[in-house]
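Okay, entry_21.pdb is below, PDB, C-alpha atoms:
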```pdb
ATOM      1  CA  MET W   1      76.921 106.285 143.430  1.00  0.00           C
ATOM      2  CA  SER W   2      73.366 107.293 144.337  1.00  0.00           C
ATOM      3  CA  PHE W   3      72.052 109.986 142.011  1.00  0.00           C
ATOM      4  CA  ASP W   4      68.461 110.920 141.205  1.00  0.00           C
ATOM      5  CA  PRO W   5      68.155 113.556 138.463  1.00  0.00           C
ATOM      6  CA  ARG W   6      64.571 114.246 139.555  1.00  0.00           C
ATOM      7  CA  SER W   7      65.795 115.728 142.835  1.00  0.00           C
ATOM      8  CA  VAL W   8      68.466 118.045 141.394  1.00  0.00           C
ATOM      9  CA  PRO W   9      67.563 121.763 141.677  1.00  0.00           C
ATOM     10  CA  ILE W  10      67.813 123.316 138.227  1.00  0.00           C
ATOM     11  CA  ARG W  11      69.377 126.794 138.160  1.00  0.00           C
ATOM     12  CA  PRO W  12      68.220 129.336 135.562  1.00  0.00           C
ATOM     13  CA  ASP W  13      71.730 129.238 134.035  1.00  0.00           C
ATOM     14  CA  GLU W  14      72.159 125.464 134.439  1.00  0.00           C
ATOM     15  CA  LEU W  15      73.417 124.960 130.887  1.00  0.00           C
ATOM     16  CA  ALA W  16      74.971 128.360 130.169  1.00  0.00           C
ATOM     17  CA  GLY W  17      77.860 128.073 127.743  1.00  0.00           C
ATOM     18  CA  ARG W  18      77.080 124.494 126.758  1.00  0.00           C
ATOM     19  CA  VAL W  19      76.439 123.311 123.200  1.00  0.00           C
ATOM     20  CA  ILE W  20      73.806 120.578 123.101  1.00  0.00           C
ATOM     21  CA  ALA W  21      72.440 118.674 120.097  1.00  0.00           C
ATOM     22  CA  VAL W  22      68.917 117.225 120.318  1.00  0.00           C
ATOM     23  CA  THR W  23      67.409 114.762 117.858  1.00  0.00           C
ATOM     24  CA  GLY W  24      63.676 114.612 117.344  1.00  0.00           C
ATOM     25  CA  ALA W  25      63.632 118.308 118.219  1.00  0.00           C
ATOM     26  CA  SER W  26      60.532 119.021 116.134  1.00  0.00           C
ATOM     27  CA  ASP W  27      57.945 117.366 118.375  1.00  0.00           C
ATOM     28  CA  GLY W  28      57.106 115.873 121.737  1.00  0.00           C
ATOM     29  CA  ILE W  29      59.829 115.176 124.290  1.00  0.00           C
ATOM     30  CA  GLY W  30      62.608 116.254 121.922  1.00  0.00           C
ATOM     31  CA  ARG W  31      61.019 119.638 121.296  1.00  0.00           C
ATOM     32  CA  ALA W  32      60.397 120.170 125.010  1.00  0.00           C
ATOM     33  CA  VAL W  33      63.975 119.226 125.933  1.00  0.00           C
ATOM     34  CA  ALA W  34      65.426 121.484 123.245  1.00  0.00           C
ATOM     35  CA  LEU W  35      63.358 124.461 124.425  1.00  0.00           C
ATOM     36  CA  ALA W  36      64.258 123.765 128.061  1.00  0.00           C
ATOM     37  CA  CYS W  37      67.967 123.536 127.254  1.00  0.00           C
ATOM     38  CA  ALA W  38      67.862 126.884 125.477  1.00  0.00           C
ATOM     39  CA  ALA W  39      65.817 128.475 128.281  1.00  0.00           C
ATOM     40  CA  HIS W  40      68.606 127.455 130.677  1.00  0.00           C
ATOM     41  CA  GLY W  41      71.340 129.038 128.594  1.00  0.00           C
ATOM     42  CA  ALA W  42      72.480 126.370 126.134  1.00  0.00           C
ATOM     43  CA  GLU W  43      73.274 126.763 122.463  1.00  0.00           C
ATOM     44  CA  VAL W  44      71.063 124.070 120.944  1.00  0.00           C
ATOM     45  CA  VAL W  45      71.569 122.190 117.683  1.00  0.00           C
ATOM     46  CA  LEU W  46      68.052 121.210 116.612  1.00  0.00           C
ATOM     47  CA  ILE W  47      68.076 117.963 114.617  1.00  0.00           C
ATOM     48  CA  GLY W  48      64.931 116.716 112.898  1.00  0.00           C
ATOM     49  CA  ARG W  49      63.469 115.702 109.569  1.00  0.00           C
ATOM     50  CA  THR W  50      60.827 118.437 109.095  1.00  0.00           C
ATOM     51  CA  PRO W  51      62.246 121.859 108.147  1.00  0.00           C
ATOM     52  CA  GLY W  52      59.090 123.822 109.000  1.00  0.00           C
ATOM     53  CA  LYS W  53      58.776 122.394 112.486  1.00  0.00           C
ATOM     54  CA  LEU W  54      62.485 122.935 113.173  1.00  0.00           C
ATOM     55  CA  ALA W  55      62.133 126.541 112.031  1.00  0.00           C
ATOM     56  CA  SER W  56      59.258 127.022 114.478  1.00  0.00           C
ATOM     57  CA  VAL W  57      61.286 125.716 117.418  1.00  0.00           C
ATOM     58  CA  HIS W  58      64.268 127.795 116.302  1.00  0.00           C
ATOM     59  CA  ALA W  59      62.116 130.931 116.234  1.00  0.00           C
ATOM     60  CA  ILE W  60      60.836 130.307 119.775  1.00  0.00           C
ATOM     61  CA  ILE W  61      64.378 129.906 121.072  1.00  0.00           C
ATOM     62  CA  GLU W  62      65.637 133.020 119.338  1.00  0.00           C
ATOM     63  CA  ALA W  63      62.724 135.029 120.690  1.00  0.00           C
ATOM     64  CA  GLY W  64      63.412 133.767 124.211  1.00  0.00           C
ATOM     65  CA  GLY W  65      66.818 135.385 124.365  1.00  0.00           C
ATOM     66  CA  ALA W  66      68.430 132.998 126.878  1.00  0.00           C
ATOM     67  CA  GLY W  67      70.246 130.507 124.679  1.00  0.00           C
ATOM     68  CA  GLY W  68      70.687 130.277 120.924  1.00  0.00           C
ATOM     69  CA  ALA W  69      69.981 127.647 118.292  1.00  0.00           C
ATOM     70  CA  SER W  70      70.876 126.302 114.894  1.00  0.00           C
ATOM     71  CA  ALA W  71      68.825 123.820 112.890  1.00  0.00           C
ATOM     72  CA  ALA W  72      69.974 120.735 111.000  1.00  0.00           C
ATOM     73  CA  VAL W  73      67.591 118.750 108.817  1.00  0.00           C
ATOM     74  CA  LEU W  74      68.463 115.065 109.066  1.00  0.00           C
ATOM     75  CA  ASP W  75      66.086 112.194 108.305  1.00  0.00           C
ATOM     76  CA  LEU W  76      67.472 109.275 110.298  1.00  0.00           C
ATOM     77  CA  GLU W  77      65.576 106.783 108.150  1.00  0.00           C
ATOM     78  CA  THR W  78      67.246 107.804 104.900  1.00  0.00           C
ATOM     79  CA  ALA W  79      70.482 109.519 105.990  1.00  0.00           C
ATOM     80  CA  VAL W  80      73.749 108.085 104.682  1.00  0.00           C
ATOM     81  CA  ALA W  81      77.356 108.554 105.781  1.00  0.00           C
ATOM     82  CA  ARG W  82      77.871 111.862 103.990  1.00  0.00           C
ATOM     83  CA  ASP W  83      74.802 113.344 105.744  1.00  0.00           C
ATOM     84  CA  TYR W  84      76.183 112.446 109.174  1.00  0.00           C
ATOM     85  CA  ASP W  85      79.617 113.749 108.194  1.00  0.00           C
ATOM     86  CA  ALA W  86      78.134 117.028 106.954  1.00  0.00           C
ATOM     87  CA  LEU W  87      76.327 117.543 110.274  1.00  0.00           C
ATOM     88  CA  ALA W  88      79.507 116.885 112.248  1.00  0.00           C
ATOM     89  CA  ALA W  89      81.452 119.283 110.027  1.00  0.00           C
ATOM     90  CA  ALA W  90      78.831 122.018 110.467  1.00  0.00           C
ATOM     91  CA  ILE W  91      78.894 121.673 114.270  1.00  0.00           C
ATOM     92  CA  LEU W  92      82.697 121.706 114.233  1.00  0.00           C
ATOM     93  CA  GLU W  93      82.773 124.860 112.116  1.00  0.00           C
ATOM     94  CA  ARG W  94      80.210 126.752 114.180  1.00  0.00           C
ATOM     95  CA  TYR W  95      80.909 125.585 117.739  1.00  0.00           C
ATOM     96  CA  ALA W  96      84.213 123.627 117.652  1.00  0.00           C
ATOM     97  CA  ARG W  97      82.862 121.161 120.237  1.00  0.00           C
ATOM     98  CA  LEU W  98      79.754 119.493 121.631  1.00  0.00           C
ATOM     99  CA  ASP W  99      78.884 119.338 125.340  1.00  0.00           C
ATOM    100  CA  GLY W 100      75.708 117.286 125.087  1.00  0.00           C
ATOM    101  CA  LEU W 101      73.891 114.929 122.732  1.00  0.00           C
ATOM    102  CA  VAL W 102      70.272 113.981 123.455  1.00  0.00           C
ATOM    103  CA  HIS W 103      68.692 111.191 121.401  1.00  0.00           C
ATOM    104  CA  ASN W 104      64.907 111.538 121.229  1.00  0.00           C
ATOM    105  CA  ALA W 105      64.067 110.611 117.645  1.00  0.00           C
ATOM    106  CA  ALA W 106      62.191 107.317 117.401  1.00  0.00           C
ATOM    107  CA  ILE W 107      59.319 105.598 115.620  1.00  0.00           C
ATOM    108  CA  LEU W 108      56.828 103.113 117.059  1.00  0.00           C
ATOM    109  CA  GLY W 109      56.299 100.685 114.199  1.00  0.00           C
ATOM    110  CA  MET W 110      53.606  98.065 114.819  1.00  0.00           C
ATOM    111  CA  LEU W 111      52.043  96.660 117.971  1.00  0.00           C
ATOM    112  CA  THR W 112      51.612  93.083 116.868  1.00  0.00           C
ATOM    113  CA  PRO W 113      52.879  89.579 117.716  1.00  0.00           C
ATOM    114  CA  ILE W 114      56.407  88.681 116.604  1.00  0.00           C
ATOM    115  CA  GLU W 115      54.838  85.843 114.609  1.00  0.00           C
ATOM    116  CA  HIS W 116      53.079  88.352 112.363  1.00  0.00           C
ATOM    117  CA  TYR W 117      55.507  91.285 112.479  1.00  0.00           C
ATOM    118  CA  ASP W 118      56.209  92.862 109.084  1.00  0.00           C
ATOM    119  CA  VAL W 119      59.917  92.392 108.356  1.00  0.00           C
ATOM    120  CA  PRO W 120      60.519  95.695 106.502  1.00  0.00           C
ATOM    121  CA  THR W 121      58.834  97.582 109.358  1.00  0.00           C
ATOM    122  CA  TRP W 122      61.024  95.704 111.848  1.00  0.00           C
ATOM    123  CA  CYS W 123      64.156  96.761 109.971  1.00  0.00           C
ATOM    124  CA  ARG W 124      62.954 100.369 109.715  1.00  0.00           C
ATOM    125  CA  VAL W 125      62.246 100.657 113.459  1.00  0.00           C
ATOM    126  CA  LEU W 126      65.558  99.089 114.456  1.00  0.00           C
ATOM    127  CA  HIS W 127      67.390 101.379 112.065  1.00  0.00           C
ATOM    128  CA  VAL W 128      65.798 104.660 113.182  1.00  0.00           C
ATOM    129  CA  ASN W 129      65.678 103.893 116.901  1.00  0.00           C
ATOM    130  CA  LEU W 130      68.993 102.106 117.380  1.00  0.00           C
ATOM    131  CA  THR W 131      71.358 101.975 114.406  1.00  0.00           C
ATOM    132  CA  ALA W 132      70.960 105.668 113.544  1.00  0.00           C
ATOM    133  CA  ALA W 133      71.509 106.619 117.192  1.00  0.00           C
ATOM    134  CA  PHE W 134      74.727 104.585 117.162  1.00  0.00           C
ATOM    135  CA  ALA W 135      75.882 106.141 113.881  1.00  0.00           C
ATOM    136  CA  LEU W 136      75.168 109.704 114.985  1.00  0.00           C
ATOM    137  CA  THR W 137      76.901 109.175 118.314  1.00  0.00           C
ATOM    138  CA  GLN W 138      79.929 107.693 116.591  1.00  0.00           C
ATOM    139  CA  VAL W 139      80.334 110.587 114.151  1.00  0.00           C
ATOM    140  CA  LEU W 140      79.856 113.210 116.889  1.00  0.00           C
ATOM    141  CA  LEU W 141      82.065 111.517 119.477  1.00  0.00           C
ATOM    142  CA  PRO W 142      85.218 113.440 118.473  1.00  0.00           C
ATOM    143  CA  LEU W 143      83.352 116.705 119.128  1.00  0.00           C
ATOM    144  CA  LEU W 144      82.108 115.412 122.484  1.00  0.00           C
ATOM    145  CA  LYS W 145      85.646 114.444 123.470  1.00  0.00           C
ATOM    146  CA  VAL W 146      86.771 118.044 122.942  1.00  0.00           C
ATOM    147  CA  SER W 147      84.461 119.085 125.793  1.00  0.00           C
ATOM    148  CA  ARG W 148      85.788 118.920 129.338  1.00  0.00           C
ATOM    149  CA  ASP W 149      82.420 117.649 130.570  1.00  0.00           C
ATOM    150  CA  ALA W 150      80.170 116.065 127.923  1.00  0.00           C
ATOM    151  CA  SER W 151      76.920 114.141 128.363  1.00  0.00           C
ATOM    152  CA  VAL W 152      75.233 111.698 125.986  1.00  0.00           C
ATOM    153  CA  LEU W 153      71.606 110.837 126.773  1.00  0.00           C
ATOM    154  CA  PHE W 154      69.682 108.068 125.054  1.00  0.00           C
ATOM    155  CA  THR W 155      65.902 107.900 125.460  1.00  0.00           C
ATOM    156  CA  THR W 156      64.698 104.519 126.675  1.00  0.00           C
ATOM    157  CA  SER W 157      61.366 103.008 127.754  1.00  0.00           C
ATOM    158  CA  ASN W 158      59.830 100.625 130.260  1.00  0.00           C
ATOM    159  CA  VAL W 159      59.337  98.130 127.433  1.00  0.00           C
ATOM    160  CA  GLY W 160      63.092  98.160 126.844  1.00  0.00           C
ATOM    161  CA  ARG W 161      63.787  96.869 130.349  1.00  0.00           C
ATOM    162  CA  ARG W 162      61.365  93.983 130.586  1.00  0.00           C
ATOM    163  CA  GLY W 163      59.835  92.315 127.573  1.00  0.00           C
ATOM    164  CA  ARG W 164      56.174  93.037 126.949  1.00  0.00           C
ATOM    165  CA  ALA W 165      53.995  91.197 124.469  1.00  0.00           C
ATOM    166  CA  TYR W 166      53.208  92.837 121.121  1.00  0.00           C
ATOM    167  CA  TRP W 167      55.686  95.730 121.417  1.00  0.00           C
ATOM    168  CA  GLY W 168      57.904  94.070 118.838  1.00  0.00           C
ATOM    169  CA  ALA W 169      60.680  96.053 117.207  1.00  0.00           C
ATOM    170  CA  TYR W 170      60.137  99.132 119.373  1.00  0.00           C
ATOM    171  CA  ALA W 171      60.787  97.172 122.565  1.00  0.00           C
ATOM    172  CA  VAL W 172      63.773  95.379 121.043  1.00  0.00           C
ATOM    173  CA  SER W 173      65.227  98.707 119.885  1.00  0.00           C
ATOM    174  CA  LYS W 174      64.972 100.076 123.427  1.00  0.00           C
ATOM    175  CA  PHE W 175      66.624  96.954 124.845  1.00  0.00           C
ATOM    176  CA  GLY W 176      69.378  97.764 122.365  1.00  0.00           C
ATOM    177  CA  ILE W 177      69.532 101.356 123.579  1.00  0.00           C
ATOM    178  CA  GLU W 178      70.025 100.142 127.142  1.00  0.00           C
ATOM    179  CA  GLY W 179      72.890  97.926 125.953  1.00  0.00           C
ATOM    180  CA  LEU W 180      74.428 100.683 123.844  1.00  0.00           C
ATOM    181  CA  THR W 181      74.314 103.027 126.833  1.00  0.00           C
ATOM    182  CA  GLN W 182      76.137 100.581 129.087  1.00  0.00           C
ATOM    183  CA  THR W 183      78.686  99.547 126.466  1.00  0.00           C
ATOM    184  CA  LEU W 184      79.613 103.090 125.441  1.00  0.00           C
ATOM    185  CA  ALA W 185      79.732 104.262 129.060  1.00  0.00           C
ATOM    186  CA  ALA W 186      82.159 101.465 129.944  1.00  0.00           C
ATOM    187  CA  GLU W 187      84.375 102.311 126.979  1.00  0.00           C
ATOM    188  CA  LEU W 188      84.542 106.023 127.833  1.00  0.00           C
ATOM    189  CA  GLU W 189      84.613 105.839 131.626  1.00  0.00           C
ATOM    190  CA  SER W 190      88.398 105.779 132.034  1.00  0.00           C
ATOM    191  CA  ALA W 191      88.809 109.090 130.179  1.00  0.00           C
ATOM    192  CA  GLY W 192      86.191 110.667 132.434  1.00  0.00           C
ATOM    193  CA  THR W 193      85.143 113.471 130.103  1.00  0.00           C
ATOM    194  CA  VAL W 194      82.122 111.920 128.339  1.00  0.00           C
ATOM    195  CA  ARG W 195      79.350 110.362 130.416  1.00  0.00           C
ATOM    196  CA  VAL W 196      76.593 108.234 128.896  1.00  0.00           C
ATOM    197  CA  ASN W 197      73.167 107.579 130.415  1.00  0.00           C
ATOM    198  CA  ALA W 198      69.627 106.639 129.397  1.00  0.00           C
ATOM    199  CA  VAL W 199      66.407 108.431 130.342  1.00  0.00           C
ATOM    200  CA  ASN W 200      62.899 106.995 130.349  1.00  0.00           C
ATOM    201  CA  PRO W 201      60.381 109.855 130.069  1.00  0.00           C
ATOM    202  CA  GLY W 202      57.430 107.543 130.771  1.00  0.00           C
ATOM    203  CA  ARG W 203      53.832 108.369 129.941  1.00  0.00           C
ATOM    204  CA  ALA W 204      53.486 111.722 128.160  1.00  0.00           C
ATOM    205  CA  ARG W 205      51.079 113.649 125.974  1.00  0.00           C
ATOM    206  CA  THR W 206      52.837 112.944 122.681  1.00  0.00           C
ATOM    207  CA  ARG W 207      51.928 111.825 119.182  1.00  0.00           C
ATOM    208  CA  MET W 208      53.677 108.471 119.699  1.00  0.00           C
ATOM    209  CA  ARG W 209      51.691 107.840 122.878  1.00  0.00           C
ATOM    210  CA  ARG W 210      48.483 108.524 120.975  1.00  0.00           C
ATOM    211  CA  GLN W 211      49.595 106.081 118.289  1.00  0.00           C
ATOM    212  CA  ALA W 212      50.276 103.354 120.869  1.00  0.00           C
ATOM    213  CA  PHE W 213      47.173 103.996 122.992  1.00  0.00           C
ATOM    214  CA  PRO W 214      44.521 105.594 120.756  1.00  0.00           C
ATOM    215  CA  ALA W 215      41.720 105.185 123.313  1.00  0.00           C
ATOM    216  CA  GLU W 216      43.627 106.818 126.162  1.00  0.00           C
ATOM    217  CA  GLU W 217      42.509 110.226 127.407  1.00  0.00           C
ATOM    218  CA  LEU W 218      45.424 112.519 126.592  1.00  0.00           C
ATOM    219  CA  GLU W 219      44.357 115.001 129.269  1.00  0.00           C
ATOM    220  CA  THR W 220      45.363 112.451 131.926  1.00  0.00           C
ATOM    221  CA  LEU W 221      48.987 112.431 130.734  1.00  0.00           C
ATOM    222  CA  PRO W 222      51.799 114.854 131.668  1.00  0.00           C
ATOM    223  CA  LEU W 223      52.798 117.443 129.111  1.00  0.00           C
ATOM    224  CA  PRO W 224      56.309 116.892 127.696  1.00  0.00           C
ATOM    225  CA  GLU W 225      57.533 120.210 129.109  1.00  0.00           C
ATOM    226  CA  THR W 226      56.844 118.977 132.650  1.00  0.00           C
ATOM    227  CA  LEU W 227      59.314 116.100 132.186  1.00  0.00           C
ATOM    228  CA  THR W 228      62.466 117.938 131.154  1.00  0.00           C
ATOM    229  CA  SER W 229      64.150 118.509 134.530  1.00  0.00           C
ATOM    230  CA  PRO W 230      65.889 115.090 134.668  1.00  0.00           C
ATOM    231  CA  TYR W 231      67.325 115.724 131.208  1.00  0.00           C
ATOM    232  CA  LEU W 232      68.645 119.121 132.308  1.00  0.00           C
ATOM    233  CA  ALA W 233      70.138 117.640 135.465  1.00  0.00           C
ATOM    234  CA  LEU W 234      71.938 114.910 133.508  1.00  0.00           C
ATOM    235  CA  LEU W 235      73.245 117.429 130.979  1.00  0.00           C
ATOM    236  CA  GLY W 236      74.483 119.807 133.679  1.00  0.00           C
ATOM    237  CA  SER W 237      77.495 119.764 135.961  1.00  0.00           C
ATOM    238  CA  ALA W 238      75.614 118.123 138.860  1.00  0.00           C
ATOM    239  CA  ALA W 239      75.758 114.788 137.008  1.00  0.00           C
ATOM    240  CA  ARG W 240      79.502 114.848 136.413  1.00  0.00           C
ATOM    241  CA  GLY W 241      80.853 111.352 137.006  1.00  0.00           C
ATOM    242  CA  VAL W 242      77.422 109.697 136.634  1.00  0.00           C
ATOM    243  CA  THR W 243      77.602 107.230 133.739  1.00  0.00           C
ATOM    244  CA  GLY W 244      76.221 103.920 132.526  1.00  0.00           C
ATOM    245  CA  MET W 245      72.890 104.435 134.316  1.00  0.00           C
ATOM    246  CA  SER W 246      69.232 104.376 133.266  1.00  0.00           C
ATOM    247  CA  PHE W 247      66.865 106.836 134.926  1.00  0.00           C
ATOM    248  CA  ASP W 248      63.115 107.492 135.044  1.00  0.00           C
ATOM    249  CA  CYS W 249      61.493 110.902 134.704  1.00  0.00           C
ATOM    250  CA  GLN W 250      58.406 109.746 136.615  1.00  0.00           C
ATOM    251  CA  PRO W 251      57.799 107.493 139.629  1.00  0.00           C
ATOM    252  CA  SER W 252      56.961 103.864 138.823  1.00  0.00           C
ATOM    253  CA  ARG W 253      53.254 103.150 138.404  1.00  0.00           C
TER     254      ARG W 253
END
```
Structure rendered as structure tokens:
Amino acid sequence: MSFDPRSVPIRPDELAGRVIAVTGASDGIGRAVALACAAHGAEVVLIGRTPGKLASVHAIIEAGGAGGASAAVLDLETAVARDYDALAAAILERYARLDGLVHNAAILGMLTPIEHYDVPTWCRVLHVNLTAAFALTQVLLPLLKVSRDASVLFTTSNVGRRGRAYWGAYAVSKFGIEGLTQTLAAELESAGTVRVNAVNPGRARTRMRRQAFPAEELETLPLPETLTSPYLALLGSAARGVTGMSFDCQPSR
């Protein structure tokens, strides 16, 4: 099936009536996607670790008047089973289902050779970027299965498709995300109600990009809000039946 989310026209009410949870909703791509989802009619569950930043995004959404929002503080580095369960219970009580789950939360770790990579940092990056995404998806899967048309989106990267020197745990975590996407999509495909895909936003004017490339001129990079259309397309009805794929937000360089 040939499908390019970059070419899908996005209607103003593209996500009307849908309940979509977004991790990393405080900053960068996650914040931009959450705001875009709400602007196109969705009820958005904002998930992040910083209460003040979540409150700011929540206030913008409420002032916009298109969609609504609720905020859930969850630190993926330190969260334990009861924290995930509490989030699932709160979504169940308020919305009774989930139509979309967008994973954006991630940390970079170190850019250094494997030979010298700090082991605790390695474990931390793999946990936040991969294991926590698995755990959150698992606990929210019953709510996604209630929906007649649910979409799970993992955020991937070019360095998770072909190995690149010095990207260490971050690259390995994104290779894992690609594998998790394909595995979960294959497991859910026969039911046909939950689709699973990965999205690579590419170069963007974010804090993580600055951390990875401190000498780069940020003004040359796209703003996160200019990269949200593929996410909206994959969350909307136009992508029904599209699963197990990995897409780019920007043309290859």
Do you know which residues the PyMOL selection byres ((chain W and resi 169-180) around 8) returns on this file, as a PDB file with C-alpha atoms, keeping the file's coordinate frame?
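So the final result, stored in part_39.pdb, reads:
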```pdb
ATOM      1  CA  ILE W 107      59.319 105.598 115.620  1.00  0.00           C
ATOM      2  CA  LEU W 108      56.828 103.113 117.059  1.00  0.00           C
ATOM      3  CA  GLY W 109      56.299 100.685 114.199  1.00  0.00           C
ATOM      4  CA  MET W 110      53.606  98.065 114.819  1.00  0.00           C
ATOM      5  CA  TRP W 122      61.024  95.704 111.848  1.00  0.00           C
ATOM      6  CA  VAL W 125      62.246 100.657 113.459  1.00  0.00           C
ATOM      7  CA  LEU W 126      65.558  99.089 114.456  1.00  0.00           C
ATOM      8  CA  ASN W 129      65.678 103.893 116.901  1.00  0.00           C
ATOM      9  CA  LEU W 130      68.993 102.106 117.380  1.00  0.00           C
ATOM     10  CA  PHE W 134      74.727 104.585 117.162  1.00  0.00           C
ATOM     11  CA  PHE W 154      69.682 108.068 125.054  1.00  0.00           C
ATOM     12  CA  THR W 155      65.902 107.900 125.460  1.00  0.00           C
ATOM     13  CA  THR W 156      64.698 104.519 126.675  1.00  0.00           C
ATOM     14  CA  SER W 157      61.366 103.008 127.754  1.00  0.00           C
ATOM     15  CA  VAL W 159      59.337  98.130 127.433  1.00  0.00           C
ATOM     16  CA  GLY W 160      63.092  98.160 126.844  1.00  0.00           C
ATOM     17  CA  ARG W 161      63.787  96.869 130.349  1.00  0.00           C
ATOM     18  CA  GLY W 163      59.835  92.315 127.573  1.00  0.00           C
ATOM     19  CA  ARG W 164      56.174  93.037 126.949  1.00  0.00           C
ATOM     20  CA  TRP W 167      55.686  95.730 121.417  1.00  0.00           C
ATOM     21  CA  GLY W 168      57.904  94.070 118.838  1.00  0.00           C
ATOM     22  CA  THR W 181      74.314 103.027 126.833  1.00  0.00           C
ATOM     23  CA  GLN W 182      76.137 100.581 129.087  1.00  0.00           C
ATOM     24  CA  THR W 183      78.686  99.547 126.466  1.00  0.00           C
ATOM     25  CA  LEU W 184      79.613 103.090 125.441  1.00  0.00           C
ATOM     26  CA  ALA W 198      69.627 106.639 129.397  1.00  0.00           C
ATOM     27  CA  SER W 246      69.232 104.376 133.266  1.00  0.00           C
TER      28      SER W 246
END
```
Next on the checklist: Which residue is closest to Ala71 of chain W? Choose from W:Arg203, W:Thr23, W:Ala32, W:Leu232 and count all atoms listed in the file.
Outcome noted: W:Thr23
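Our summary of the geometry notes that atom CA of Leu221 of chain W is positioned 12.6 Å from atom CA of Met208 of chain W.
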Next on the checklist: Just want the 12 Å neighbourhood of Asp83 of chain W, counted on only C-alpha atoms, with same-chain residues fewer than 2 positions away dropped. Output as a ChimeraX atom specification.
Outcome noted: /W:72-81,85-90,132,135-136,139
Checklist entry - Between W:Asn200, W:Pro214, W:Ala21, W:Glu14, which is the closest to Asp248 of chain W once you count all atoms listed in the file? => result W:Asn200
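In terms of minimum interatomic distance to Ala212 of chain W, W:Tyr166 ranks closest within W:Arg94, W:Leu153, W:Tyr166, W:Ala36, counting only C-alpha atoms.
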Checklist entry - Written as JSON, numbers by chain, what is the full residue list that the PyMOL selection byres ((chain W and resi 70) around 9) yields on the file shown? => result {"W": [43, 44, 45, 46, 47, 58, 68, 69, 71, 72]}
Next on the checklist: Once the PyMOL selection byres ((chain W and resi 25) around 7) is applied to the coordinates I shared, what remains selected? I want it as a PyMOL selection string.
Outcome noted: chain W and resi 22-24+26-27+30-31+34+46-48+54
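Look at Gly65 of chain W: the protein and nucleic acid residues within 9 Å of it, using all atoms listed in the file and passing over chain neighbours fewer than 4 places away, are Ala38, Ala39, Gly41 and Ile61 of chain W.
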Checklist entry - So what do you get for atom CA of Cys249 of chain W versus atom CA of Leu227 of chain W, distance-wise? => result 6.2 Å
Item to check | Atom-to-atom span, atom CA of Thr243 of chain W and atom CA of Asp13 of chain W, Å | outcome: 22.8 Å
Checklist entry - Taking into account all atoms listed in the file, which residue in the set W:Thr50, W:Ser2, W:Ala204, W:Leu235 is nearest to Gly100 of chain W? => result W:Leu235
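Minimum atom-to-atom distances from W:Ala150, W:Cys37, W:Ile29, W:Ile10 to Ala106 of chain W were compared using all atoms listed in the file, and the lowest value belongs to W:Ile29.
Remark: for Ala96 of chain W, the closest of the candidate residues W:Leu143, W:Ile60, W:Cys123, W:Ala185 is W:Leu143 (distances computed over only C-alpha atoms).
For Arg148 of chain W, the non-local neighbours within 9 Å, defined as residues at least 6 positions apart in the same chain or in other chains and counting all atoms listed in the file, are Asp99, Gly192, Thr193 and Val194 of chain W.
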Next on the checklist: Excluding Ala16 of chain W and its own-chain neighbours fewer than 6 positions away, which residues fall within 8 Å of it when counting only C-alpha atoms? Please give them as a list in words.
Outcome noted: His40, Gly41, Ala42 and Gly67 of chain W
Selected residues written out with C-alpha atoms, as a compact mmCIF listing (two decimals), keeping the file's coordinate frame:
```
# COMPACT_ATOMS: atom_id res chain seq x y z
CA HIS W 40 68.61 127.46 130.68
CA GLY W 41 71.34 129.04 128.59
CA ALA W 42 72.48 126.37 126.13
CA GLY W 67 70.25 130.51 124.68
```
Edge lengths and centre in Å, axis-aligned, segment 227-243 of chain W plus 5 Å each side, as lines of an AutoDock Vina configuration file:
```
center_x = 70.1
center_y = 113.5
center_z = 134.9
size_x = 31.5
size_y = 22.6
size_z = 17.9
```
